[in-house]
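Q: One structure, as structure tokens, below. Some questions next.
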Amino acid sequence: MKKKIGFVAAMTLVGLAILSTRFYEVDLPVWHFLGGGKGPDPATLHLRGEFVESNLGAAEGPVGSLTVRMIAQQFVFVPQCIVVPAGVPVHFRITSADAVHMLSFLGTDYGLKALPGVVTESSFTFDKPGKFKIPCHEFCGAGHYAMRGQLEVVPRDQFASLLPGERRTCEPR
Amino acid sequence: MSHVSRTTRLRKGLRCFETLALLFLAIPLLLSGRKSSAQSRNSEPPVRVSSNVAWTDETISFASSGNAFRGLLIARRCNRCHGEEGFSSVAAFPNLAGEDQLSFWKQMQDFRSGKRISPVMQGIGNGLTARDSADLAAYYSMLPTASDSQDNRAFPHVMQDPSRARIAIRLIVFGDGQRGIPPCQSCHGPVAYVKGAPPLATQNGGYLQEQLEHFANGYRTNDINVRMRSIARQLTEDEKTAVSEYYGAGLGPGVNPR
């Protein structure tokens with residue numbers, strides 16, 4: 001009997017450990033599982049809503065908050081190069097246009113999953129300036145291994161204040 | 001008595017009509033005023049839409065259910081530039097033989113709406129309905145890509161500089177992970193296709209190079225979610241030439257052996 005209880009307790013602990021790591025990784029609010037289907041339609045991301053191509057990149061919100069909107073799709077991230085200031089919490093809003101993708105910021109312990117029809121929200125503060133590669137960390141198809149974005153963390157004073165109505169990226173123009 | 005009551009009724013009716021008319025005039029004015037004030041207040045960037053086509057289930061079933069025989073009849077107008085068997089003899093015009101249905105249909109819609117800029121094709125596209133485009137797409141997707149071994153109309157050009165072939169095959173098969181360039185064949189076949197991506201194996205080299213340049217310099221912007229633009233921006237001039245020449249010479253993967 002005692003053995004049985006011990007076994008059940010151990011299994012519960014393992015389950016909890018797995019769940020907690022999953023949630024840390026994905027950072028999904030629970031209501032996505034309960035409600036569901038309220039996210040943007042992956043097929044019409046480019047037509048309406050917050051993920052139209054002119055709204056992607058780093059946007060300054062009220063009171064100095066910073067939101068980065070990105071689309072992950074087969075087999076490029078859009079925008080492919082994002083720029084954020086160091087030492088400021090960056091709020092990510094990410095969705096996918098087709099398969100499940102994952103952004104893992106090489107050199108940090110931070111990762112974000114991009115799911116079709118769901119907006120993944122998460123905040124992270126990059127302490128030091130530098131360049132981080134963002135490989136796709138979830139197999140998404142034939143070109144998966146070449147799917148890679150880039151994140152540039154620049155000192156806070158160098159991150160010039162955004163002009164109103166501008167979205168910041170470091171894409172070559 | 002009856003006369004007086006009729007005039008008063010008429011007057012009342014007129015007044016009623018006047019107030020209603022004023023209301024109907026005022027509502028759109030009020031709404032437009034509110035809209036403009038809302039636009040000036042927040043600092044959102046103007047919405048830029050790359051293409052009006054979205055791959056919803058209805059669009060996909062409409063674009064892929066064309067009548068190929070009707071397409072054949074319409075295609076007689078296209079023969080002069082795009083070739084009688086879908087192989088164009090001019091480098092600036094794309095080959096249409098074996099074209100992907102969804103891709104063909106989307107480009108025609110974008111020509112019509114002006115999302116893809118082409119003075120020639122916009123005029124032609126305006127003369128065709130969405131149904132006509134679907135029929136044409138069905139016809140061209142049925143044309144064989146390699147007709148017979150003696151016939152080399154499909155690939156009139158050979159690769160000028162064979163040393164470029166190494167650059168091309170690296171990009172087509174492996175891409176470049178360091179710069180985030182996926183391999184061409186993972187979307188344009190034969191390994192995998194994504195919706196709206198045309199097969200490139202039998203495409204015209206000159207046309208391909210022109211389109212890559214247009215994607216890179218932002219002249220062509222009708223790719224959904226900035227997909228081709230972010231890839232073409234990263235390619236060097238040498239790489240663009242290499243890939244287009246390689247496909248144009250019929251060396252790309254997915255060509256039937258001749």
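By convention in this document, the chains of the structure tokens carry letters A, B, ... by their order, each chain's residues are numbered from 1, and ligands are numbered from 1 in the order they are shown.
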Could you give me, as a compact mmCIF listing (two decimals) with C-alpha atoms, in the first residue's frame, the residues within 9 Å of Leu112 of chain A, counting only C-alpha atoms and dropping anything in the same chain fewer than 2 positions from it?

A:
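So the final result, stored in out22.txt, reads:
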# COMPACT_ATOMS: atom_id res chain seq x y z
CA GLU A 25 8.39 27.03 -22.59
CA VAL A 26 5.09 27.84 -24.25
CA ASP A 27 3.84 30.49 -21.84
CA PHE A 92 6.41 39.40 -27.64
CA ILE A 94 3.83 35.83 -31.98
CA HIS A 101 7.28 26.72 -35.09
CA MET A 102 9.45 27.66 -32.16
CA LEU A 103 11.80 30.57 -31.64
CA SER A 104 14.76 29.76 -29.45
CA PHE A 105 17.07 32.65 -28.75
CA TYR A 110 14.43 31.77 -23.61
CA ALA A 114 4.41 29.89 -32.46
CA THR A 120 1.65 33.46 -27.98
CA GLU A 121 2.40 36.23 -25.52
CA SER A 122 5.45 36.49 -23.35

Q: If we count only C-alpha atoms, which residues of chain A reach to within 7 Å of chain B? Please list them as a list of chain:residue names.

A: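 Close to chain B, chain A has A:Ala43, A:Thr44, A:His46, A:Leu47, A:Val52, A:Glu53, A:Ser54, A:Asn55, A:Phe75, A:Val76, A:Val78, A:Gln80, A:Ala142, A:Gly143, A:Tyr145, A:Ala146, A:Met147, A:Arg148, A:Gly149, A:Pro164, A:Gly165, A:Glu166, A:Pro172.
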
Q: Which residues of segment 131-224 of chain B come within 12 Å of segment 94-116 of chain B, and what is each one's closest atom pair and distance in Å (one decimal), counting only C-alpha atoms, sorted by chain and residue number, as a Markdown table?

A:
| residue | atom | partner | partner_atom | distance |
| --- | --- | --- | --- | --- |
| B:Arg131 | CA | B:Trp105 | CA | 9.4 |
| B:Asp132 | CA | B:Trp105 | CA | 9.4 |
| B:Ser133 | CA | B:Trp105 | CA | 5.7 |
| B:Ala134 | CA | B:Trp105 | CA | 5.9 |
| B:Asp135 | CA | B:Trp105 | CA | 9.1 |
| B:Leu136 | CA | B:Trp105 | CA | 8.3 |
| B:Ala137 | CA | B:Gln101 | CA | 4.8 |
| B:Ala138 | CA | B:Gln101 | CA | 6.1 |
| B:Tyr139 | CA | B:Ala97 | CA | 8.9 |
| B:Tyr140 | CA | B:Ala97 | CA | 5.3 |
| B:Ser141 | CA | B:Gly98 | CA | 4.3 |
| B:Met142 | CA | B:Gly98 | CA | 6.0 |
| B:Leu143 | CA | B:Ala97 | CA | 5.0 |
| B:Pro144 | CA | B:Gly98 | CA | 6.0 |
| B:Thr145 | CA | B:Gly98 | CA | 5.5 |
| B:Ala146 | CA | B:Ala97 | CA | 8.9 |
| B:Ser147 | CA | B:Ala97 | CA | 10.2 |
| B:Arg153 | CA | B:Asn95 | CA | 10.8 |
| B:Ala154 | CA | B:Asn95 | CA | 8.5 |
| B:Phe155 | CA | B:Asn95 | CA | 10.3 |
| B:His188 | CA | B:Asp100 | CA | 9.9 |
| B:Gly189 | CA | B:Asp100 | CA | 10.6 |
| B:Tyr193 | CA | B:Asp100 | CA | 9.8 |
| B:Val194 | CA | B:Ser103 | CA | 9.9 |
| B:Lys195 | CA | B:Leu102 | CA | 7.0 |
| B:Gly196 | CA | B:Ser103 | CA | 4.2 |
| B:Ala197 | CA | B:Ser103 | CA | 5.8 |
| B:Pro198 | CA | B:Asp100 | CA | 5.4 |
| B:Pro199 | CA | B:Asp100 | CA | 6.6 |
| B:Leu200 | CA | B:Glu99 | CA | 8.8 |
| B:Ala201 | CA | B:Gly98 | CA | 9.6 |
| B:Thr202 | CA | B:Asn95 | CA | 7.3 |
| B:Gln203 | CA | B:Asn95 | CA | 5.6 |
| B:Asn204 | CA | B:Pro94 | CA | 5.7 |
| B:Gly205 | CA | B:Pro94 | CA | 8.8 |
| B:Gly206 | CA | B:Pro94 | CA | 8.6 |
| B:Tyr207 | CA | B:Pro94 | CA | 5.8 |
| B:Leu208 | CA | B:Pro94 | CA | 8.1 |
| B:Gln209 | CA | B:Pro94 | CA | 11.1 |
| B:Glu210 | CA | B:Pro94 | CA | 10.5 |
| B:Gln211 | CA | B:Pro94 | CA | 10.1 |
| B:His214 | CA | B:Arg116 | CA | 10.6 |
| B:Phe215 | CA | B:Arg116 | CA | 10.9 |
| B:Gly218 | CA | B:Arg116 | CA | 11.1 |
| B:Tyr219 | CA | B:Arg116 | CA | 8.7 |
| B:Arg220 | CA | B:Arg116 | CA | 6.2 |
| B:Thr221 | CA | B:Arg116 | CA | 6.8 |
| B:Asn222 | CA | B:Arg116 | CA | 5.7 |
| B:Asp223 | CA | B:Arg116 | CA | 9.2 |
| B:Ile224 | CA | B:Lys106 | CA | 10.5 |

Q: Would you write out those residues with C-alpha atoms, as an mmCIF file, in the first residue's frame?

A:
data_model
loop_
_atom_site.group_PDB
_atom_site.id
_atom_site.type_symbol
_atom_site.label_atom_id
_atom_site.label_comp_id
_atom_site.auth_asym_id
_atom_site.auth_seq_id
_atom_site.Cartn_x
_atom_site.Cartn_y
_atom_site.Cartn_z
ATOM 1 C CA ARG B 131 -13.670 32.112 -63.246
ATOM 2 C CA ASP B 132 -11.696 32.636 -66.495
ATOM 3 C CA SER B 133 -8.463 32.674 -64.502
ATOM 4 C CA ALA B 134 -9.398 29.430 -62.780
ATOM 5 C CA ASP B 135 -10.113 27.830 -66.192
ATOM 6 C CA LEU B 136 -6.788 29.041 -67.568
ATOM 7 C CA ALA B 137 -5.036 27.734 -64.474
ATOM 8 C CA ALA B 138 -6.589 24.314 -65.010
ATOM 9 C CA TYR B 139 -5.461 24.299 -68.652
ATOM 10 C CA TYR B 140 -1.873 25.425 -68.072
ATOM 11 C CA SER B 141 -1.385 23.068 -65.142
ATOM 12 C CA MET B 142 -2.191 20.187 -67.524
ATOM 13 C CA LEU B 143 0.379 21.116 -70.187
ATOM 14 C CA PRO B 144 3.417 18.805 -70.140
ATOM 15 C CA THR B 145 6.619 20.427 -68.906
ATOM 16 C CA ALA B 146 9.002 18.432 -71.090
ATOM 17 C CA SER B 147 7.536 17.432 -74.403
ATOM 18 C CA ARG B 153 12.307 24.920 -76.930
ATOM 19 C CA ALA B 154 11.831 24.470 -73.199
ATOM 20 C CA PHE B 155 15.404 25.357 -72.291
ATOM 21 C CA HIS B 188 9.025 25.386 -55.063
ATOM 22 C CA GLY B 189 9.304 21.625 -55.414
ATOM 23 C CA TYR B 193 5.300 22.842 -52.114
ATOM 24 C CA VAL B 194 3.671 25.546 -50.057
ATOM 25 C CA LYS B 195 0.381 27.058 -51.157
ATOM 26 C CA GLY B 196 0.848 29.593 -53.931
ATOM 27 C CA ALA B 197 4.472 28.738 -54.662
ATOM 28 C CA PRO B 198 5.021 28.007 -58.369
ATOM 29 C CA PRO B 199 7.226 25.119 -59.510
ATOM 30 C CA LEU B 200 10.492 26.514 -60.864
ATOM 31 C CA ALA B 201 11.963 23.494 -62.617
ATOM 32 C CA THR B 202 10.897 24.624 -66.110
ATOM 33 C CA GLN B 203 10.786 28.341 -65.587
ATOM 34 C CA ASN B 204 12.435 30.920 -67.809
ATOM 35 C CA GLY B 205 15.849 32.011 -66.457
ATOM 36 C CA GLY B 206 15.571 35.644 -67.496
ATOM 37 C CA TYR B 207 12.126 35.935 -65.952
ATOM 38 C CA LEU B 208 13.307 34.381 -62.671
ATOM 39 C CA GLN B 209 16.204 36.783 -62.350
ATOM 40 C CA GLU B 210 13.971 39.770 -63.006
ATOM 41 C CA GLN B 211 11.476 38.659 -60.367
ATOM 42 C CA HIS B 214 11.989 42.982 -58.114
ATOM 43 C CA PHE B 215 11.408 41.170 -54.815
ATOM 44 C CA GLY B 218 10.642 46.147 -53.305
ATOM 45 C CA TYR B 219 9.112 46.658 -56.755
ATOM 46 C CA ARG B 220 7.128 43.441 -56.435
ATOM 47 C CA THR B 221 5.356 43.174 -53.087
ATOM 48 C CA ASN B 222 2.520 40.689 -53.617
ATOM 49 C CA ASP B 223 4.028 37.790 -51.648
ATOM 50 C CA ILE B 224 1.861 36.934 -48.657
#

Q: In Å, with one decimal, what is the gap from atom CA of Ala59 of chain A to atom CA of Glu213 of chain B?

A: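 Pair atom CA of Ala59 of chain A / atom CA of Glu213 of chain B returns 29.3 Å.
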
Q: Rank A:Leu151, A:Gly141, A:Pro79, A:Ile5 by their smallest atom-to-atom distance to Asp98 of chain A, using only C-alpha atoms, and report the top residue only.

A: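 So, comparing all the options, the nearest one is A:Gly141.
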
Q: Please, what distance in Å, to one decimal, runs between atom CA of Thr108 of chain A and atom CA of His91 of chain A?

A: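 Taking atom CA of Thr108 of chain A as the start and atom CA of His91 of chain A as the end point, the length is 16.0 Å.
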
Q: Would you please give, as an MDAnalysis selection string, all residues of chain A that DSSP assigns to strand (DSSP E or B) based on the backbone?

A: chainID A and resid 57:60 66:73 76:78 81:85 89:96 101:105 110:114 116 120:125 130:136 148:154 168

Q: Could you please take those selected residues and save C-alpha atoms as a PDB file, in the first residue's frame?

A:
ATOM      1  CA  GLY A  57       8.348  44.580 -35.700  1.00  0.00           C
ATOM      2  CA  ALA A  58       8.987  46.495 -32.494  1.00  0.00           C
ATOM      3  CA  ALA A  59       6.250  48.970 -31.596  1.00  0.00           C
ATOM      4  CA  GLU A  60       6.369  51.423 -28.728  1.00  0.00           C
ATOM      5  CA  LEU A  66       7.757  47.703 -26.104  1.00  0.00           C
ATOM      6  CA  THR A  67       5.809  45.109 -28.100  1.00  0.00           C
ATOM      7  CA  VAL A  68       7.403  42.934 -30.771  1.00  0.00           C
ATOM      8  CA  ARG A  69       5.023  41.314 -33.253  1.00  0.00           C
ATOM      9  CA  MET A  70       6.299  38.466 -35.403  1.00  0.00           C
ATOM     10  CA  ILE A  71       4.964  35.826 -37.762  1.00  0.00           C
ATOM     11  CA  ALA A  72       6.637  32.449 -38.068  1.00  0.00           C
ATOM     12  CA  GLN A  73       5.950  30.676 -41.335  1.00  0.00           C
ATOM     13  CA  VAL A  76      11.178  32.362 -42.661  1.00  0.00           C
ATOM     14  CA  PHE A  77      10.432  34.547 -39.676  1.00  0.00           C
ATOM     15  CA  VAL A  78       8.893  37.905 -40.459  1.00  0.00           C
ATOM     16  CA  CYS A  81      15.753  40.648 -38.049  1.00  0.00           C
ATOM     17  CA  ILE A  82      14.345  42.351 -34.964  1.00  0.00           C
ATOM     18  CA  VAL A  83      15.995  45.001 -32.825  1.00  0.00           C
ATOM     19  CA  VAL A  84      15.241  45.643 -29.133  1.00  0.00           C
ATOM     20  CA  PRO A  85      16.865  47.722 -26.361  1.00  0.00           C
ATOM     21  CA  PRO A  89      11.176  44.117 -20.760  1.00  0.00           C
ATOM     22  CA  VAL A  90      10.172  43.189 -24.275  1.00  0.00           C
ATOM     23  CA  HIS A  91       6.652  41.938 -24.823  1.00  0.00           C
ATOM     24  CA  PHE A  92       6.413  39.401 -27.637  1.00  0.00           C
ATOM     25  CA  ARG A  93       3.240  38.680 -29.585  1.00  0.00           C
ATOM     26  CA  ILE A  94       3.834  35.825 -31.976  1.00  0.00           C
ATOM     27  CA  THR A  95       1.692  33.679 -34.234  1.00  0.00           C
ATOM     28  CA  SER A  96       2.225  31.189 -37.020  1.00  0.00           C
ATOM     29  CA  HIS A 101       7.284  26.721 -35.091  1.00  0.00           C
ATOM     30  CA  MET A 102       9.446  27.663 -32.158  1.00  0.00           C
ATOM     31  CA  LEU A 103      11.801  30.568 -31.639  1.00  0.00           C
ATOM     32  CA  SER A 104      14.761  29.759 -29.453  1.00  0.00           C
ATOM     33  CA  PHE A 105      17.070  32.652 -28.745  1.00  0.00           C
ATOM     34  CA  TYR A 110      14.432  31.770 -23.606  1.00  0.00           C
ATOM     35  CA  GLY A 111      12.131  30.224 -26.171  1.00  0.00           C
ATOM     36  CA  LEU A 112       8.714  30.829 -27.627  1.00  0.00           C
ATOM     37  CA  LYS A 113       6.358  28.566 -29.469  1.00  0.00           C
ATOM     38  CA  ALA A 114       4.412  29.885 -32.455  1.00  0.00           C
ATOM     39  CA  PRO A 116      -1.308  28.670 -35.945  1.00  0.00           C
ATOM     40  CA  THR A 120       1.650  33.461 -27.984  1.00  0.00           C
ATOM     41  CA  GLU A 121       2.397  36.231 -25.520  1.00  0.00           C
ATOM     42  CA  SER A 122       5.455  36.485 -23.347  1.00  0.00           C
ATOM     43  CA  SER A 123       7.849  39.021 -21.881  1.00  0.00           C
ATOM     44  CA  PHE A 124      11.600  38.812 -21.582  1.00  0.00           C
ATOM     45  CA  THR A 125      14.394  41.202 -20.671  1.00  0.00           C
ATOM     46  CA  GLY A 130      24.563  41.551 -28.631  1.00  0.00           C
ATOM     47  CA  LYS A 131      23.324  39.568 -31.563  1.00  0.00           C
ATOM     48  CA  PHE A 132      21.318  36.410 -31.102  1.00  0.00           C
ATOM     49  CA  LYS A 133      20.413  33.855 -33.727  1.00  0.00           C
ATOM     50  CA  ILE A 134      16.830  32.636 -33.575  1.00  0.00           C
ATOM     51  CA  PRO A 135      16.713  29.168 -35.117  1.00  0.00           C
ATOM     52  CA  CYS A 136      13.360  27.459 -35.496  1.00  0.00           C
ATOM     53  CA  ARG A 148      16.630  31.297 -38.857  1.00  0.00           C
ATOM     54  CA  GLY A 149      15.955  34.815 -37.671  1.00  0.00           C
ATOM     55  CA  GLN A 150      18.143  37.315 -35.919  1.00  0.00           C
ATOM     56  CA  LEU A 151      17.741  39.454 -32.811  1.00  0.00           C
ATOM     57  CA  GLU A 152      19.865  42.521 -32.204  1.00  0.00           C
ATOM     58  CA  VAL A 153      19.978  43.849 -28.655  1.00  0.00           C
ATOM     59  CA  VAL A 154      21.326  47.401 -28.642  1.00  0.00           C
ATOM     60  CA  ARG A 168      11.268  49.015 -35.910  1.00  0.00           C
TER      61      ARG A 168
END

Q: In segment 27-244 of chain B, what's helix (DSSP H, G or I) per DSSP? Answer as a PyMOL selection string?

A: chain B and resi 27-41+57-63+68-77+79-82+101-113+119-126+130-142+164-173+177-179+184-186+205-216+224-232+237-244

Q: Just the number, please: distance in Å from atom CA of Leu171 of chain B to atom CA of Gly254 of chain B, one decimal.

A: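 Between atom CA of Leu171 of chain B and atom CA of Gly254 of chain B the gap works out to 15.2 Å.
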